[in-house]
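Here is the structure we will look at, set down as structure tokens.
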Amino acid sequence: MISINNLSVEFSSRPLFTDISFVVNPTDKIALVGKNGAGKSTLLKILAGEQEPTSGSIGRPSGLTIGYLPQQMKIADDTTILEETKKAFKERLDMEAELEKLNVSLAEREDYESEDYARLLEKIEFLSHRIAVDDTTNVEAEIERTLVGLGFLRTDFDRPTSEFSGGWRMRVELAKILLRRPDVLLLDEPTNHLDIESIQWLEQFIATKAKAVVLVSHDRAFLDNVTKRTIEISCGKIYDYKVSYTPFVKLREERVAQQMRAYENQQKLIADTKDFIERFRYKATKAVQVQSRIKQLEKIVPIEVDEVDTSRLRLKFPPAPRSGDFPLIVVNLGKTYGDHVVFSGAEFTLRRGEKVAFVGKNGEGKSTLVKCIMGQIPFDGHLKLGHNVKIGYFAQNQAQLLDESISVFDTIDNVAVGDIRTRIRDILGAFMFGGEASDKKVKVLSGGEKTRLAMIKLLLEPVNFLILDEPTNHLDMKTKDILKDAIKDFDGTVIVVSHDREFLDGLVEKVYEFGGGKVKENLGGIYEFLNKKRLENLSDLERKDISLSSGAASITTSGTVDEATCDEGLQPRQLSYAEQKEREKTLRKAEKALKASEEAIADLENRQAELERRLASGDASDEVLREYSEVSSCLDKEMEVWEEAQSHLDELKVKPDI
């Protein structure tokens, strides 16, 4: 579909890549990977037609549509969310308006035999055919489904885009691109501004509705769930693997190991040949052999080993001073802005050394609660920090708060005190800012480099309570792994606000979910939480009050119960015959409700499994997706009914005086 032929790009006479060639097929899902500065974003711009290569060519069939989402883009602020998103259908809406106008004109014409009348009929037939082949049957429904999937509330649709942050406006641009259903999607870091639920919705969209996709991302789980092919840019060349990211990493290690062995063997051959030439250069009896070895040496083509980043980020948090057993106690905590309740009734306690995650949709209060802990904003309720708690805080916009007019060295020199000032160069070197890099101005640094620099400032003072708000944004996978290992080794308490599932996996032992104005504690890791919430299918964001034929069992109890059947401090009296009968009757009802709920869950799970098989076989029609969404939503509700029924039955069994 898109053919890249002998493509080369140079910047200031420095080659970025040279003579690369590959083909993007109609259903390819491609991850474009490589270290920072390898040329990933540049290649996406060239594929999108926004930049010309130094040499080579791009072959695109006529009529090919491309949707391109760059990392940064200019966004209009003169419409509402809904009006801006509708621009995705501008061509279709224009065609419909023109068709309506032509039909009105046709009804007024009577020159049936004229050439103008025939041309008018042809134009109407052409537009009717164009509209008919468009698979978008309901524009409003498509827009609503996409915006809700990307995290917007229906109440947001009529709000001006100017009221939203840059990240939310990028979501609008992503929605417009997805709604156009282009032949090729080019996405540069699409998950940077999305939360976990929206990322999973995007994964499902790409898997079921997108055609060809080429994307750049540092989200390992996202790449593994979405892509089936990995193209690496390294040393100005590309390596094409027909696998997703995790298998690619292993294959790349094997490739580099093979190259290294071949390189070492060649170096040994060269050294031995040179040694022979030097030893026998002046011996007449060896003149022929020497000349032969010289010619052999000249013909050797040096073996290149793909770049392996030998600079190693050495990240280790200083030893944490001992804090109290409970660094944070939250009781009935709430935060409101006017009539808007961000969250209320939050209650939890963190023990010393615990590592927990704050997750949930953007705008549900994760960063707000962090600001409450930091004492940056007022709140309702009770929040207490434990004895000797020293907080290290990495804000979501920490990298943007750096002074861009000064150098990397001065950034750290301005905040360093005591003996640390004598070791600034060493510290910068450990964070891959060694040599000339330490003299760079902050404004020329990449997003990942700015994040690393902001992290150095966090490490200058020993703390025992880390609060990290989206610390992995703009970090490449290697640096994220190093940061994750450092947090694992940290012996203090940690709160991580993040949407990166792979980063949180194996790092946190509790997940606090923010949503619906509440904060819910979930024991276990991030994937245990996601499985419990069944968030793999994010269509349940479009929850509707529906009921399937199996129905949701409800719990009812007849009659009232006098709880004062025994005086305080006395043994409970024996139940009368009538009371015993009433107890048995209530137990039977509770058991029946529990059994009905279990049967309903079994039916829903069977239907869900059947629909998953249809989706896996390629049947991803709107009807199947809609039913899958409804079944998943009902299953979630039924699980809640079952939990209530089980809890009610347990209470009845341990409470004799019903």
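Residue numbering restarts at 1 in every chain; chains get A, B, ... in the order shown in the structure tokens, and ligands count up from 1 in that same order.
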
Can you pull out every residue within 7 Å of range 328-339 of chain A, counting only C-alpha atoms, but drop anything in the same chain fewer than 2 positions away, and send it as a ChimeraX atom specification? /A:326,341-350,379-386

- Message: I want to know what sits within 8 Å of Lys457 in chain A, based on only C-alpha atoms, with residues of the same chain fewer than 3 positions away left out; could you give that as a count of residues only?
- Response: 5

As a CSV table (one decimal) with C-alpha atoms, in the first residue's frame, which residues of range 142-331 of chain A does DSSP assign to helix (DSSP H, G or I)?
```csv
chain,number,residue,atom,x,y,z
A,142,GLU,CA,-20.0,7.1,16.2
A,143,ILE,CA,-18.9,10.5,17.7
A,144,GLU,CA,-20.4,9.7,21.1
A,145,ARG,CA,-18.9,6.2,21.2
A,146,THR,CA,-15.4,7.5,20.3
A,147,LEU,CA,-15.4,10.5,22.7
A,148,VAL,CA,-16.7,8.4,25.6
A,149,GLY,CA,-14.1,5.7,24.8
A,154,ARG,CA,-21.4,13.3,27.6
A,155,THR,CA,-21.8,16.5,29.6
A,156,ASP,CA,-18.4,17.6,28.1
A,161,THR,CA,-12.5,23.2,23.7
A,162,SER,CA,-10.8,26.2,25.3
A,163,GLU,CA,-11.9,25.0,28.7
A,166,GLY,CA,-3.7,20.5,26.0
A,167,GLY,CA,-3.9,16.7,26.7
A,168,TRP,CA,-7.6,16.6,26.4
A,169,ARG,CA,-7.6,18.6,23.2
A,170,MET,CA,-5.1,16.1,21.8
A,171,ARG,CA,-7.8,13.5,22.5
A,172,VAL,CA,-10.2,15.4,20.4
A,173,GLU,CA,-7.7,15.4,17.5
A,174,LEU,CA,-7.2,11.7,18.0
A,175,ALA,CA,-11.0,11.2,18.0
A,176,LYS,CA,-11.2,13.1,14.7
A,177,ILE,CA,-8.5,11.0,13.1
A,178,LEU,CA,-10.0,7.7,14.3
A,179,LEU,CA,-13.5,8.7,13.1
A,196,ILE,CA,-5.5,3.3,31.4
A,197,GLU,CA,-9.1,2.9,30.5
A,198,SER,CA,-8.7,5.1,27.3
A,199,ILE,CA,-5.6,3.3,26.3
A,200,GLN,CA,-7.4,0.0,26.5
A,201,TRP,CA,-10.3,1.4,24.5
A,202,LEU,CA,-7.8,2.6,21.9
A,203,GLU,CA,-6.3,-0.9,21.8
A,204,GLN,CA,-9.6,-2.5,21.1
A,205,PHE,CA,-10.4,0.1,18.4
A,206,ILE,CA,-7.1,-0.5,16.6
A,207,ALA,CA,-7.6,-4.3,16.9
A,208,THR,CA,-11.1,-4.3,15.5
A,220,ARG,CA,5.4,-1.8,26.1
A,221,ALA,CA,2.0,-3.3,27.0
A,222,PHE,CA,0.3,-1.1,24.4
A,223,LEU,CA,2.8,-2.2,21.7
A,224,ASP,CA,2.4,-5.9,22.6
A,225,ASN,CA,-1.4,-5.6,22.6
A,226,VAL,CA,-1.7,-3.7,19.3
A,245,TYR,CA,7.6,-5.8,20.7
A,246,THR,CA,8.5,-8.4,23.5
A,247,PRO,CA,9.6,-11.1,21.0
A,248,PHE,CA,11.5,-8.5,19.0
A,249,VAL,CA,13.6,-7.6,22.1
A,250,LYS,CA,14.8,-11.2,22.4
A,251,LEU,CA,15.5,-11.5,18.6
A,252,ARG,CA,17.4,-8.2,18.7
A,253,GLU,CA,19.6,-9.4,21.5
A,254,GLU,CA,20.4,-12.5,19.5
A,255,ARG,CA,21.1,-10.4,16.3
A,256,VAL,CA,23.5,-8.1,18.2
A,257,ALA,CA,25.2,-11.1,19.8
A,258,GLN,CA,25.7,-12.7,16.4
A,259,GLN,CA,27.1,-9.4,15.0
A,260,MET,CA,29.4,-9.1,18.0
A,261,ARG,CA,30.8,-12.6,17.5
A,262,ALA,CA,31.3,-12.0,13.8
A,263,TYR,CA,32.9,-8.6,14.6
A,264,GLU,CA,35.3,-10.2,17.1
A,265,ASN,CA,36.3,-13.0,14.7
A,266,GLN,CA,36.9,-10.4,12.0
A,267,GLN,CA,39.0,-8.3,14.3
A,268,LYS,CA,41.1,-11.3,15.3
A,269,LEU,CA,41.6,-12.1,11.6
A,270,ILE,CA,42.7,-8.5,10.9
A,271,ALA,CA,45.1,-8.5,13.8
A,272,ASP,CA,46.6,-11.9,12.8
A,273,THR,CA,47.0,-10.7,9.2
A,274,LYS,CA,48.6,-7.4,10.2
A,275,ASP,CA,50.9,-9.3,12.6
A,276,PHE,CA,52.0,-11.7,9.7
A,277,ILE,CA,52.6,-8.7,7.4
A,278,GLU,CA,54.8,-6.9,10.0
A,279,ARG,CA,56.8,-10.0,10.9
A,280,PHE,CA,57.6,-11.1,7.3
A,284,ALA,CA,62.3,-12.2,0.5
A,285,THR,CA,61.1,-15.7,0.9
A,286,LYS,CA,57.8,-14.5,2.3
A,287,ALA,CA,57.2,-11.6,-0.2
A,288,VAL,CA,54.5,-13.4,-2.1
A,289,GLN,CA,52.6,-14.4,1.0
A,290,VAL,CA,52.9,-10.8,2.4
A,291,GLN,CA,51.6,-9.3,-0.8
A,292,SER,CA,48.7,-11.8,-0.7
A,293,ARG,CA,47.8,-10.9,2.9
A,294,ILE,CA,48.0,-7.1,2.1
A,295,LYS,CA,45.5,-7.6,-0.7
A,296,GLN,CA,43.3,-9.8,1.5
A,297,LEU,CA,43.3,-7.1,4.2
A,298,GLU,CA,42.3,-4.4,1.6
A,299,LYS,CA,39.3,-6.5,0.5
```

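Residues within 8 Å of range 31-35 of chain A, counting only C-alpha atoms and excluding same-chain residues fewer than 2 positions away, are Lys29, Gly37, Ala38, Gly39, Lys40, Val214, Leu215, Val216, Ser217, Leu223, Thr227, Lys228, Arg229, Thr230, Ile231, Glu232, Ile233, Ser234, Ser244, Tyr245 and Asp476 of chain A.
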
Pairwise distance, CA of Glu10 in chain A with CA of Thr42 in chain A, equals 10.7 Å

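The neighbours of Asp619 in chain A here are the residues that come within 12 Å of it, using only C-alpha atoms and leaving out any residue fewer than 3 positions away in the same chain; they are Ala207, Thr208, Lys209, Glu610, Leu611, Glu612, Arg613, Arg614, Leu615, Ala616, Asp622, Glu623, Val624, Leu625 and Tyr628 of chain A.
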
Restricting the output to N, CA and C atoms, write the selected residues as an mmCIF file, in the first residue's frame.
```
data_model
loop_
_atom_site.group_PDB
_atom_site.id
_atom_site.type_symbol
_atom_site.label_atom_id
_atom_site.label_comp_id
_atom_site.auth_asym_id
_atom_site.auth_seq_id
_atom_site.Cartn_x
_atom_site.Cartn_y
_atom_site.Cartn_z
ATOM 1 N N ALA A 207 -7.486 -2.837 17.160
ATOM 2 C CA ALA A 207 -7.562 -4.270 16.857
ATOM 3 C C ALA A 207 -8.775 -4.611 15.999
ATOM 4 N N THR A 208 -9.883 -3.894 16.190
ATOM 5 C CA THR A 208 -11.133 -4.302 15.533
ATOM 6 C C THR A 208 -11.549 -3.411 14.374
ATOM 7 N N LYS A 209 -11.100 -2.150 14.340
ATOM 8 C CA LYS A 209 -11.624 -1.236 13.328
ATOM 9 C C LYS A 209 -10.562 -0.585 12.453
ATOM 10 N N GLU A 610 -18.443 -16.844 23.879
ATOM 11 C CA GLU A 610 -18.858 -17.072 22.487
ATOM 12 C C GLU A 610 -18.585 -15.843 21.623
ATOM 13 N N LEU A 611 -18.891 -14.661 22.182
ATOM 14 C CA LEU A 611 -18.640 -13.422 21.441
ATOM 15 C C LEU A 611 -17.145 -13.187 21.250
ATOM 16 N N GLU A 612 -16.325 -13.535 22.257
ATOM 17 C CA GLU A 612 -14.874 -13.390 22.126
ATOM 18 C C GLU A 612 -14.330 -14.290 21.024
ATOM 19 N N ARG A 613 -14.925 -15.498 20.899
ATOM 20 C CA ARG A 613 -14.498 -16.391 19.807
ATOM 21 C C ARG A 613 -14.841 -15.777 18.445
ATOM 22 N N ARG A 614 -16.010 -15.133 18.352
ATOM 23 C CA ARG A 614 -16.396 -14.500 17.086
ATOM 24 C C ARG A 614 -15.472 -13.331 16.752
ATOM 25 N N LEU A 615 -15.116 -12.543 17.786
ATOM 26 C CA LEU A 615 -14.199 -11.428 17.555
ATOM 27 C C LEU A 615 -12.826 -11.928 17.129
ATOM 28 N N ALA A 616 -12.370 -13.016 17.775
ATOM 29 C CA ALA A 616 -11.047 -13.565 17.448
ATOM 30 C C ALA A 616 -11.004 -14.109 16.028
ATOM 31 N N ASP A 622 -20.417 -4.106 14.089
ATOM 32 C CA ASP A 622 -20.929 -3.230 15.146
ATOM 33 C C ASP A 622 -21.904 -3.970 16.054
ATOM 34 N N GLU A 623 -22.687 -4.879 15.470
ATOM 35 C CA GLU A 623 -23.662 -5.627 16.264
ATOM 36 C C GLU A 623 -22.975 -6.515 17.294
ATOM 37 N N VAL A 624 -21.905 -7.207 16.862
ATOM 38 C CA VAL A 624 -21.168 -8.081 17.778
ATOM 39 C C VAL A 624 -20.489 -7.257 18.867
ATOM 40 N N LEU A 625 -19.849 -6.144 18.483
ATOM 41 C CA LEU A 625 -19.183 -5.294 19.466
ATOM 42 C C LEU A 625 -20.173 -4.709 20.461
ATOM 43 N N TYR A 628 -21.239 -7.444 22.810
ATOM 44 C CA TYR A 628 -20.139 -7.757 23.714
ATOM 45 C C TYR A 628 -20.036 -6.719 24.829
#
```

Leaving out Glu528 in chain A and any residue of its chain fewer than 5 positions from it, which residues lie within 10 Å of it when counting only C-alpha atoms, given as a ChimeraX atom specification? /A:505,509-511,522-523,533-534

(request) Write out as a ChimeraX atom specification the residues lying within 12 Å of Lys450 in chain A, counting only C-alpha atoms and excluding same-chain residues fewer than 5 positions away. (result) /A:397-404,407-408,411,431-433,440-445,455-457,471-475
